[in-house]
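Asker: Take a look at this one; I'll ask things after.
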Amino acid sequence: MIHNGLAGGAKHVTPEVILEALHGLGFDAEYHVTHSEKDLATALEHPGDLVVVAGGDGTVRAVACTILNRPDKAPALALIPLGTSNNIARSMGLTGYSPLDIARSLSTPRRIPFDVGLARGPWGERLFLESFGIGMLADLLDRYDPDAPKSVLRGVAAITGATLLRHAVPCQIEGLSETPLNADCLILEVVNTPTISNGVRLAPEASPSSGVLQLVIVEGIGAGSVAADLVALAAGQLERRKNVISQPVTHLRIVWDGTPVHLDAEIWPSEDTAPRFGESAVEIEVRPGALEIWVPTSDSAVK
């Protein structure tokens, strides 16, 4: 079991309580304290058959990437959502259960396949569980710096800068048809879960068990577009906008101006590892059912 004690809901349940529930079901469970990716790699060197992840989306992604980069078959995952947004757990229908309900359900779980996205670009290969994106949301994350301590003031400044200074990014998208699509994108996201980032409902039709990703493009169509798009986004009605393209995809090649992109809540590449500007190309593909997630059955936990 991996437990993030700094997650938003961690104060409501201790790892010892979860361990006690797992031991009561007959699991030979171990708890590992981790403070860095190196600690996580050591803790998951022999992951067993099931890894229970108690934390938010960032913890889930770190664990998933660690086990998927192993040469042998990835163990199953069980998610106990303790974060702020919990987009990954939400996509699996887990946010209505208490941590103990989930732990107690693991003797008779439903086993659900979970797709993973792979981005291959000039800076190497990286996996994503929620989304890959270019444009306003990537710019917002870059300005906010999710690795720094959380701050309301920095958040307001980031949103203001990303909104007022945002320009549409010219992108060429290959893989949708025989002819590449050229679009000026305020937002381009390749989405695996219905909500991303801080609970932004970008692609309600997306499902991480569908075997496909969802491409969402918000085209820049004029000076008044950004404000109207943000209002629709905040209301969870972005798909109703006429300048929005949304369709399922399994493989894409995207050429853009090299401005920052994001993989889940991580800016790629980081500022100190690679130059960001100049035309770049990235290939995106889905890895269907790369993970197996254990979730409660209707009769194995009380919702």
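For the structure tokens, the naming scheme is as follows: chains receive sequential letters (A, B, ...) according to their order of presentation, residues are indexed from 1 within each chain, and ligands are indexed from 1 in presentation order.
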Would you kindly return, as a PDB file with C-alpha atoms, in the first residue's frame, each protein, DNA or RNA residue with an atom no farther than 8 Å from any atom of segment 190-193 of chain A, considering only C-alpha atoms and excluding same-chain residues fewer than 6 positions away?
Answerer:
ATOM      1  CA  ASN A  87     -10.343  12.680 -11.614  1.00  0.00           C
ATOM      2  CA  ILE A  88      -9.041   9.144 -12.059  1.00  0.00           C
ATOM      3  CA  SER A  91     -13.894   8.131 -13.746  1.00  0.00           C
ATOM      4  CA  ASP A 115      -6.433   2.653 -20.703  1.00  0.00           C
ATOM      5  CA  VAL A 116      -3.245   4.726 -20.627  1.00  0.00           C
ATOM      6  CA  GLY A 117      -2.035   7.325 -23.110  1.00  0.00           C
ATOM      7  CA  LEU A 129      -3.671   8.831 -17.331  1.00  0.00           C
ATOM      8  CA  GLU A 130      -5.888  11.927 -17.653  1.00  0.00           C
ATOM      9  CA  SER A 131      -4.823  14.042 -20.619  1.00  0.00           C
ATOM     10  CA  PHE A 132      -2.142  15.462 -22.893  1.00  0.00           C
ATOM     11  CA  GLY A 133      -2.611  19.096 -23.841  1.00  0.00           C
ATOM     12  CA  ALA A 203     -14.918  15.525 -22.329  1.00  0.00           C
ATOM     13  CA  ALA A 206     -14.497  10.064 -22.446  1.00  0.00           C
ATOM     14  CA  SER A 207     -14.048   6.724 -20.692  1.00  0.00           C
ATOM     15  CA  PRO A 208     -10.724   5.217 -19.579  1.00  0.00           C
ATOM     16  CA  VAL A 212      -9.892   5.089 -27.280  1.00  0.00           C
ATOM     17  CA  LEU A 213      -8.885   8.598 -26.287  1.00  0.00           C
ATOM     18  CA  GLN A 214     -11.002  11.704 -26.898  1.00  0.00           C
ATOM     19  CA  LEU A 215      -9.542  14.589 -28.900  1.00  0.00           C
ATOM     20  CA  VAL A 216     -10.984  17.984 -27.887  1.00  0.00           C
TER      21      VAL A 216
END
Asker: Quick one: everything within 10 Å of Ile18 of chain A, counting only C-alpha atoms, minus sequence neighbours fewer than 2 positions away in the same chain. Send it as a PyMOL selection string.
Answerer: chain A and resi 1+3+13-16+20-24+29+31+52+54+80+99-104
Asker: Using N, CA, C and O atoms, can you export the residues from the last selection as a compact mmCIF listing (two decimals), in the first residue's frame?
Answerer:
# COMPACT_ATOMS: atom_id res chain seq x y z
N MET A 1 0.83 -1.19 0.00
CA MET A 1 0.00 0.00 0.00
C MET A 1 0.87 1.24 0.00
O MET A 1 1.84 1.34 0.74
N HIS A 3 0.60 5.34 0.50
CA HIS A 3 -0.30 6.32 1.11
C HIS A 3 0.35 7.69 1.07
O HIS A 3 1.49 7.86 1.50
N VAL A 13 -8.44 9.49 7.23
CA VAL A 13 -8.16 8.06 7.38
C VAL A 13 -6.66 7.86 7.49
O VAL A 13 -5.88 8.53 6.81
N THR A 14 -6.23 6.97 8.36
CA THR A 14 -4.81 6.70 8.53
C THR A 14 -4.44 5.43 7.79
O THR A 14 -5.28 4.55 7.56
N PRO A 15 -3.18 5.28 7.41
CA PRO A 15 -2.77 4.04 6.74
C PRO A 15 -2.95 2.82 7.63
O PRO A 15 -3.22 1.72 7.14
N GLU A 16 -2.82 3.02 8.95
CA GLU A 16 -2.97 1.88 9.87
C GLU A 16 -4.40 1.32 9.82
O GLU A 16 -4.60 0.10 9.89
N GLU A 20 -5.34 -2.43 8.62
CA GLU A 20 -6.11 -3.32 9.48
C GLU A 20 -7.26 -3.95 8.70
O GLU A 20 -7.53 -5.15 8.84
N ALA A 21 -7.92 -3.15 7.87
CA ALA A 21 -9.02 -3.69 7.07
C ALA A 21 -8.51 -4.72 6.07
O ALA A 21 -9.14 -5.77 5.86
N LEU A 22 -7.37 -4.45 5.44
CA LEU A 22 -6.81 -5.40 4.46
C LEU A 22 -6.37 -6.69 5.14
O LEU A 22 -6.61 -7.79 4.63
N HIS A 23 -5.73 -6.57 6.30
CA HIS A 23 -5.32 -7.77 7.03
C HIS A 23 -6.54 -8.59 7.45
O HIS A 23 -6.50 -9.83 7.45
N GLY A 24 -7.63 -7.90 7.81
CA GLY A 24 -8.84 -8.60 8.20
C GLY A 24 -9.45 -9.41 7.08
O GLY A 24 -10.18 -10.39 7.32
N ALA A 29 -0.55 -7.55 3.53
CA ALA A 29 -0.35 -6.18 3.06
C ALA A 29 0.82 -5.52 3.75
O ALA A 29 1.04 -5.69 4.95
N TYR A 31 2.89 -1.61 4.12
CA TYR A 31 2.76 -0.17 3.94
C TYR A 31 4.15 0.42 3.75
O TYR A 31 5.06 0.16 4.54
N VAL A 52 -2.41 -0.92 -3.50
CA VAL A 52 -3.47 -0.03 -3.03
C VAL A 52 -2.89 1.37 -2.95
O VAL A 52 -1.89 1.60 -2.25
N ALA A 54 -3.55 5.10 -1.86
CA ALA A 54 -4.37 6.03 -1.09
C ALA A 54 -3.80 7.43 -1.28
O ALA A 54 -2.78 7.78 -0.69
N ILE A 80 -7.91 4.46 -3.46
CA ILE A 80 -8.64 5.07 -2.35
C ILE A 80 -8.45 6.57 -2.48
O ILE A 80 -7.38 7.11 -2.16
N PRO A 99 -13.15 5.46 2.25
CA PRO A 99 -11.91 4.67 2.14
C PRO A 99 -12.05 3.27 2.70
O PRO A 99 -11.57 2.30 2.10
N LEU A 100 -12.71 3.12 3.84
CA LEU A 100 -12.85 1.79 4.44
C LEU A 100 -13.78 0.90 3.61
O LEU A 100 -13.57 -0.30 3.51
N ASP A 101 -14.83 1.49 3.02
CA ASP A 101 -15.70 0.71 2.15
C ASP A 101 -14.91 0.12 0.98
O ASP A 101 -15.09 -1.05 0.62
N ILE A 102 -14.03 0.94 0.38
CA ILE A 102 -13.23 0.45 -0.74
C ILE A 102 -12.28 -0.65 -0.27
O ILE A 102 -12.17 -1.71 -0.90
N ALA A 103 -11.59 -0.42 0.84
CA ALA A 103 -10.66 -1.42 1.35
C ALA A 103 -11.37 -2.74 1.64
O ALA A 103 -10.88 -3.82 1.30
N ARG A 104 -12.55 -2.66 2.25
CA ARG A 104 -13.28 -3.87 2.62
C ARG A 104 -13.86 -4.59 1.41
O ARG A 104 -14.26 -5.75 1.51
Asker: Which neighbours of Ala74 of chain A fall inside 10 Å, counting only C-alpha atoms, when residues of the same chain fewer than 2 positions from it are skipped, and could you give them as a list in words?
Answerer: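 Neighbouring residues, sequence-local ones excluded: Pro47, Gly48, Asp49, Leu50, Val51, Ala64, Cys65, Thr66, Ile67, Leu68, Asn69, Arg70, Pro71, Asp72, Ala76, Leu77, Ala290, Leu291 and Glu292 of chain A.
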Asker: I'd like the interatomic distance between atom CA of Ile254 of chain A and atom CA of Asp142 of chain A, to a tenth of an Å.
Answerer: 19.8 Å
